[in-house]
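Here's the structure we're looking at; comments come further down.
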2 protein chains.
Amino acid sequence: MKLLFAEDDAAIAAHVVAALEGAGFSVEHVQNGPDAWELGADGSHSAIILDLGLPGLDGLTILKRWRKDGIDTPVIALTARGSWMERVDGFDAGADDYLPKPFRMEELLARLRALLRRASARKSTVLSNGRISFNEASMQGSLDGTPLDLSPLEARALQLFLHRAGSVVSANEIATHVQGRSDDASNNSVEAMIARLRKKLGADAILTRRGFGYYIPGGA
Amino acid sequence: MKLLFAEDDAAIAAHVVAALEGAGFSVEHVQNGPDAWELGADGSHSAIILDLGLPGLDGLTILKRWRKDGIDTPVIALTARGSWMERVDGFDAGADDYLPKPFRMEELLARLRALLRRASARKSTVLSNGRISFNEASMQGSLDGTPLDLSPLEARALQLFLHRAGSVVSANEIATHVQGRSDDASNNSVEAMIARLRKKLGADAILTRRGFGYYIPGGA
DNA sequence: CTGAACCTGACAGGATGCTGACAGTTCAAG
DNA sequence: CTTGAACTGTCAGCATCCTGTCAGGTTCAG
C-alpha cells in the first residue's frame with residue numbers, strides 16, 4: 001500500500017507520516033506542487049493525500065491535471081480552513097474526500113481506509129432505484145437508461161439520495177455533503193437545487209417530508 | 001451498548017474485555033466460531049469484534065453468512081498479522097474495519113467509536129406497536145401497513161410515544177421534545193395535537209392518564 | 001354534585017416549500 | 001482578450017400546510 005503525501009508544513013508532515021507508517025502504509029512525502037504532480041502522475045499510488053495550499057503549483061490545479069490525464073487514484077484533499085468554496089472546488093476538481101485542517105489522525109486514517117475500500121470494490125459503483133440509476137465512477141445519472149445531463153451539485157445530490165434510498169435527508173445534510181457548507185437556514189439554495197433536479201428526474205422522483213427533508217422512495 | 005467479542009486467545013480476550021467494559025460497553029465474549037455465529041445472528045449487538053482465526057468455524061465464513069442473512073451489524077475484523085490478503089478478503093466479506101494484531105487498546109476503542117458513530121447515523125429503525133409502526137429513517141408512520149399522513153409535530157410525537165411504549169409521557173415532555181418549547185401549561189396546544197393524532201391513528205391508540213399525561217398501551 | 005382536567009371543531013396567522021427570474025462567477029472556445 | 005454558455009445562489013411572489021389559540025362541550029375524581 002503505497003501512498004503519496006503532499007504537504008509543505010514540516011511539523012504536520014512528520015506527524016502524519018509517522019502515523020501513516022505506523023498504520024502499515026508506505027509513504028512518499030513531497031513538499032511542493034511540482035514534485036507532487038510528477039510523482040502522482042504515474043498512477044502507482046493506492047491513494048494520495050493532497051494539501052491544497054502547496055507552494056509552486058496549486059493543489060487544485062494539480063488535481064485537475066491528474067484527472068485530465070486519466071489518473072484516477074483516490075485523493076483526499078486537505079483544505080486550509082473550513083472554507084466551503086475550497087471544498088466545493090476540491091470536489092469539482094476530482095477529490096474523493098476532503099478534510100479540513102486541523103484534523104485528528106484517526107479521522108484521516110478512517111477516511112483513508114474508507115476510500116481504499118471503496119476503490120477496491122469499484123466494480124459495483126452503479127446505484128439504482130426504480131427508473132433512476134447512477135454510475136458513481138463517471139458520476140453519470142440515467143433515467144430509464146437514457147443519460148441525464150446533471151450539473152455537478154445535482155449529481156452529488158442524486159448520489160446522496162440513492163445512497164440513502166428510503167430515508168430522509170435533511171436540507172442541512174444536503175448542504176454539507178453536496179455544497180460543502182455547514183451554515184444552515186437563511187437561504188433556499190437547496191430548495192432551488194431540488195427543484196432543478198426534479199425537473200430532470202420527474203416530479204415524483206424526490207419526495208418532500210415537510211419539516212424533515214427530502215427522500216427517494218424505495219430502498220429501506 | 002452491547003458488543004459481541006469473538007476471540008479464542010484467553011489472555012488477549014481477558015485484557016480486551018476488561019478494557020471494553022471499562023469504557024462502558026457491555027460485552028458478550030465467545031471463544032469459538034459456532035458460538036460467535038449463533039450469537040451474532042440475532043442482530044442485537046451494536047457492533048461485533050471478530051477474530052478471523054477462530055476455531056471450529058472460520059471468521060470470514062461467519063461474516064459472509066451474517067451478511068447473507070441480512071445482519072448488518074458493524075464488524076471490526078481482527079487479522080492475525082498484517083496480512084494484506086486477509087484484509088482484502090475481510091472487506092469483501094463485509095467487514096467495516098479491520099485491525100491487525102497486535103494492536104493497542106486505544107486503537108481498538110477509537111475504531112469502535114468511529115464505527116458506532118457511522119452506524120448510528122445510518123440506522124433505519126422501525127418502531128412498531130400493535131397496528132401502528134413508524135420508520136425513523138423516513139419518518140413515516142403506518143396503520144395496519146397503510147402509510148399515514150402525519151405533520152412534523154405529529155410524527156415526532158408518535159415517535160416519542162413509541163419509544164416509550166407503555167409508559168406515560170407528560171404534556172411537558174411532549175412540549176419540550178416535540179415542539180421545542182419549555183414553557184409549561186397556559187396553552188392546550190399539546191391537547192390539540194393529541195386530538196389530531198388520534199383522529200389519524202384511531203381514538204384508542206393513545207390513552208390518557210388524567211393528571212399525568214398520555215401513553216401508548218403495550219410495550220413495557 | 002362540582003370543579004378541574006380534558007376533548008374537539010373552527011380559524012387565522014405564520015411557517016414552509018415551490019417556482020420563475022436574474023445576476024455573478026467560472027470556464028472554455030473563438 | 002472577448003464572448004457566450006453553463007452553473008448556482010439569491011430573491012420575491014405564491015400556494016399550501018401547520019399549529020397555537022379560543023370557545024364551548026364532555027368526562028372524571030373526589
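Going by the C-alpha cells order, chains are called A, B, ..., each with residues numbered from 1, while ligands are numbered from 1 in the order shown.
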
So that I can see what lies close to stretch 12-28 of chain D, please list as an mmCIF file with C-alpha atoms (C1' of nucleotides), in the first residue's frame the residues with an atom at most 12 Å from it, counting only C-alpha atoms (C1' of nucleotides) and leaving out residues fewer than 6 positions away in the same chain.
data_model
loop_
_atom_site.group_PDB
_atom_site.id
_atom_site.type_symbol
_atom_site.label_atom_id
_atom_site.label_comp_id
_atom_site.auth_asym_id
_atom_site.auth_seq_id
_atom_site.Cartn_x
_atom_site.Cartn_y
_atom_site.Cartn_z
ATOM 1 C CA ARG A 209 -41.150 15.256 4.023
ATOM 2 C CA ARG A 210 -42.225 18.614 5.316
ATOM 3 C CA GLY A 211 -40.187 19.729 8.277
ATOM 4 C CA ASP B 149 -50.105 11.411 6.503
ATOM 5 C CA LEU B 150 -48.605 12.944 9.628
ATOM 6 C CA SER B 151 -47.480 16.509 10.189
ATOM 7 C CA PRO B 152 -43.940 17.063 11.521
ATOM 8 C CA LEU B 153 -45.048 17.518 15.103
ATOM 9 C CA GLU B 154 -47.416 14.607 14.948
ATOM 10 C CA GLN B 179 -42.448 21.426 19.941
ATOM 11 C CA SER B 186 -51.181 28.047 29.839
ATOM 12 C CA ASN B 187 -51.967 26.542 26.474
ATOM 13 C CA ASN B 188 -53.584 23.432 25.202
ATOM 14 C CA SER B 189 -51.560 23.004 22.058
ATOM 15 C CA VAL B 190 -50.496 19.555 23.181
ATOM 16 C CA GLU B 191 -54.092 18.542 23.690
ATOM 17 C CA ALA B 192 -54.938 19.818 20.257
ATOM 18 C CA MET B 193 -52.134 17.850 18.719
ATOM 19 C CA ILE B 194 -53.105 14.686 20.551
ATOM 20 C CA ARG B 196 -55.359 15.429 15.679
ATOM 21 C CA THR B 208 -54.929 9.500 28.691
ATOM 22 C CA ARG B 209 -53.752 9.187 32.239
ATOM 23 C CA ARG B 210 -55.587 12.036 33.804
ATOM 24 C CA GLY B 211 -53.279 14.405 35.648
ATOM 25 C "C1'" DT C 2 -68.906 20.296 41.230
ATOM 26 C "C1'" DG C 3 -64.745 21.965 39.699
ATOM 27 C "C1'" DA C 4 -60.831 20.717 37.249
ATOM 28 C "C1'" DA C 5 -58.993 18.370 33.531
ATOM 29 C "C1'" DC C 6 -59.604 17.138 29.023
ATOM 30 C "C1'" DC C 7 -61.581 16.997 24.193
ATOM 31 C "C1'" DT C 8 -62.894 18.993 19.851
ATOM 32 C "C1'" DG C 9 -64.049 21.898 15.906
ATOM 33 C "C1'" DA C 10 -63.028 26.182 13.792
ATOM 34 C "C1'" DC C 11 -59.942 29.684 12.480
ATOM 35 C "C1'" DA C 12 -56.236 32.819 11.371
ATOM 36 C "C1'" DG C 13 -51.528 33.901 11.359
ATOM 37 C "C1'" DG C 14 -47.284 32.096 10.404
ATOM 38 C "C1'" DA C 15 -44.088 28.802 8.726
ATOM 39 C "C1'" DT C 16 -42.633 26.052 4.977
ATOM 40 C "C1'" DG C 17 -41.796 24.816 0.439
ATOM 41 C "C1'" DC C 18 -42.154 25.691 -4.744
ATOM 42 C "C1'" DT C 19 -41.183 28.291 -8.778
ATOM 43 C "C1'" DG C 20 -39.534 31.570 -12.264
ATOM 44 C "C1'" DA C 21 -36.385 35.123 -12.937
ATOM 45 C "C1'" DC C 22 -31.995 37.133 -12.510
#

Could you list, as a ChimeraX atom specification, every residue within 9 Å of B:Leu20, counting only C-alpha atoms (C1' of nucleotides) and ignoring same-chain residues fewer than 6 positions away?
/B:3,26-27,105,109

Those same residues, written as a tab-separated table (two decimals), in the first residue's frame with C-alpha atoms?
chain	number	residue	atom	x	y	z
B	3	LEU	CA	-20.92	-5.78	21.94
B	26	SER	CA	-21.47	-4.46	27.86
B	27	VAL	CA	-19.55	-7.34	26.34
B	105	MET	CA	-6.39	-0.89	23.11
B	109	LEU	CA	-11.53	1.81	21.08

Of D:DA29, D:DC1, D:DC11, D:DA6, the one nearest to chain B when counting only C-alpha atoms (C1' of nucleotides) is D:DA29

Exercise: stretch 94-99 of chain A partners within 8 Å, only C-alpha atoms (C1' of nucleotides), chain neighbours under 6 positions left out, as a ChimeraX atom specification:
/A:63-64,67,74-79,87,108,111,115

Let's have the selection written as an mmCIF file, in the first residue's frame, with N, CA and C atoms.
data_model
loop_
_atom_site.group_PDB
_atom_site.id
_atom_site.type_symbol
_atom_site.label_atom_id
_atom_site.label_comp_id
_atom_site.auth_asym_id
_atom_site.auth_seq_id
_atom_site.Cartn_x
_atom_site.Cartn_y
_atom_site.Cartn_z
ATOM 1 N N LEU A 63 -4.591 18.554 -9.162
ATOM 2 C CA LEU A 63 -5.655 17.572 -9.169
ATOM 3 C C LEU A 63 -6.364 17.539 -10.519
ATOM 4 N N LYS A 64 -6.663 18.723 -11.011
ATOM 5 C CA LYS A 64 -7.349 18.779 -12.302
ATOM 6 C C LYS A 64 -6.497 18.171 -13.403
ATOM 7 N N ARG A 67 -6.623 14.377 -13.230
ATOM 8 C CA ARG A 67 -7.882 13.823 -13.710
ATOM 9 C C ARG A 67 -7.978 13.917 -15.221
ATOM 10 N N PRO A 74 -7.418 7.577 -5.908
ATOM 11 C CA PRO A 74 -8.250 8.285 -4.931
ATOM 12 C C PRO A 74 -7.461 9.394 -4.237
ATOM 13 N N VAL A 75 -8.094 10.558 -4.082
ATOM 14 C CA VAL A 75 -7.414 11.699 -3.477
ATOM 15 C C VAL A 75 -8.208 12.248 -2.306
ATOM 16 N N ILE A 76 -7.530 12.419 -1.183
ATOM 17 C CA ILE A 76 -8.113 13.158 -0.065
ATOM 18 C C ILE A 76 -7.486 14.537 -0.070
ATOM 19 N N ALA A 77 -8.315 15.571 -0.138
ATOM 20 C CA ALA A 77 -7.797 16.930 -0.181
ATOM 21 C C ALA A 77 -7.780 17.519 1.225
ATOM 22 N N LEU A 78 -6.683 18.128 1.573
ATOM 23 C CA LEU A 78 -6.607 18.829 2.859
ATOM 24 C C LEU A 78 -6.831 20.312 2.595
ATOM 25 N N THR A 79 -7.897 20.851 3.177
ATOM 26 C CA THR A 79 -8.182 22.264 2.947
ATOM 27 C C THR A 79 -7.673 23.076 4.117
ATOM 28 N N ARG A 87 -13.731 23.581 -0.593
ATOM 29 C CA ARG A 87 -14.181 22.196 -0.614
ATOM 30 C C ARG A 87 -14.908 21.879 -1.905
ATOM 31 N N LEU A 108 -8.290 11.054 9.680
ATOM 32 C CA LEU A 108 -7.612 10.866 8.402
ATOM 33 C C LEU A 108 -7.515 9.381 8.076
ATOM 34 N N ARG A 111 -10.907 7.901 7.041
ATOM 35 C CA ARG A 111 -11.320 8.267 5.688
ATOM 36 C C ARG A 111 -10.451 7.589 4.643
ATOM 37 N N LEU A 115 -11.827 5.152 1.789
ATOM 38 C CA LEU A 115 -11.527 5.461 0.402
ATOM 39 C C LEU A 115 -10.910 4.255 -0.292
#

Determine which residues of stretch 104-180 of chain B receive a DSSP assignment of alpha helix (DSSP H), computed from the backbone, and state them as a ChimeraX atom specification.
/B:105-122,152-163,171-174

Could you jot down the atom CA of B:Asn129 to atom CA of B:Ser46 separation for me, Å, one decimal place?
22.4 Å

Which residues come within 10 Å of A:Asp51, counting only C-alpha atoms (C1' of nucleotides), excluding same-chain residues fewer than 4 positions away, as number ranges by chain?
A: 5-9, 31-33, 36, 55, 58-60, 76-80, 98-101

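The spacing separating atom CA of A:Leu148 from atom CA of A:Arg164 amounts to 20.2 Å.
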
Residues near C:DC27, anyone? I mean within 12 Å using only C-alpha atoms (C1' of nucleotides), not counting same-chain ones fewer than 4 positions away, as a PyMOL selection string.
chain D and resi 3-7

So that I have them on file, write out the residues from the current selection with N, CA and C atoms (P, O5', C5', C4', C3', O3' and C1' of nucleotides), as an mmCIF file, in the first residue's frame.
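Full text of selection_31.cif as output:
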data_model
loop_
_atom_site.group_PDB
_atom_site.id
_atom_site.type_symbol
_atom_site.label_atom_id
_atom_site.label_comp_id
_atom_site.auth_asym_id
_atom_site.auth_seq_id
_atom_site.Cartn_x
_atom_site.Cartn_y
_atom_site.Cartn_z
ATOM 1 P P DT D 3 -16.851 41.246 -26.772
ATOM 2 O "O5'" DT D 3 -17.447 39.780 -26.820
ATOM 3 C "C5'" DT D 3 -17.066 38.904 -27.902
ATOM 4 C "C4'" DT D 3 -17.694 37.545 -27.658
ATOM 5 C "C3'" DT D 3 -19.100 37.594 -27.036
ATOM 6 O "O3'" DT D 3 -19.986 36.848 -27.858
ATOM 7 C "C1'" DT D 3 -17.706 36.137 -25.810
ATOM 8 P P DG D 4 -21.526 36.981 -27.646
ATOM 9 O "O5'" DG D 4 -21.899 35.518 -27.134
ATOM 10 C "C5'" DG D 4 -21.338 34.381 -27.799
ATOM 11 C "C4'" DG D 4 -21.464 33.180 -26.892
ATOM 12 C "C3'" DG D 4 -22.826 33.061 -26.192
ATOM 13 O "O3'" DG D 4 -23.217 31.700 -26.208
ATOM 14 C "C1'" DG D 4 -21.103 33.022 -24.595
ATOM 15 P P DA D 5 -24.717 31.370 -26.099
ATOM 16 O "O5'" DA D 5 -24.637 29.937 -25.419
ATOM 17 C "C5'" DA D 5 -23.515 29.082 -25.673
ATOM 18 C "C4'" DA D 5 -23.139 28.364 -24.414
ATOM 19 C "C3'" DA D 5 -24.341 27.921 -23.562
ATOM 20 O "O3'" DA D 5 -24.171 26.566 -23.227
ATOM 21 C "C1'" DA D 5 -22.795 29.125 -22.231
ATOM 22 P P DA D 6 -25.391 25.755 -22.651
ATOM 23 O "O5'" DA D 6 -24.878 25.360 -21.202
ATOM 24 C "C5'" DA D 6 -23.534 24.917 -21.046
ATOM 25 C "C4'" DA D 6 -23.148 25.017 -19.596
ATOM 26 C "C3'" DA D 6 -24.238 24.549 -18.622
ATOM 27 O "O3'" DA D 6 -23.650 23.657 -17.695
ATOM 28 C "C1'" DA D 6 -23.461 26.703 -18.017
ATOM 29 P P DC D 7 -24.555 22.841 -16.737
ATOM 30 O "O5'" DC D 7 -24.282 23.596 -15.355
ATOM 31 C "C5'" DC D 7 -22.940 23.869 -14.991
ATOM 32 C "C4'" DC D 7 -22.902 24.763 -13.780
ATOM 33 C "C3'" DC D 7 -23.905 24.419 -12.667
ATOM 34 O "O3'" DC D 7 -23.180 24.285 -11.472
ATOM 35 C "C1'" DC D 7 -23.933 26.731 -13.140
#

Point-to-point distance in Å for atom CA of A:Leu143 and atom CA of A:Gly166
18.1 Å

Hey, what's within 10 Å of A:Ala205 if we count only C-alpha atoms (C1' of nucleotides) and toss same-chain stuff fewer than 5 positions away? As a PyMOL selection string, please?
chain A and resi 129-132+197-200+215-217
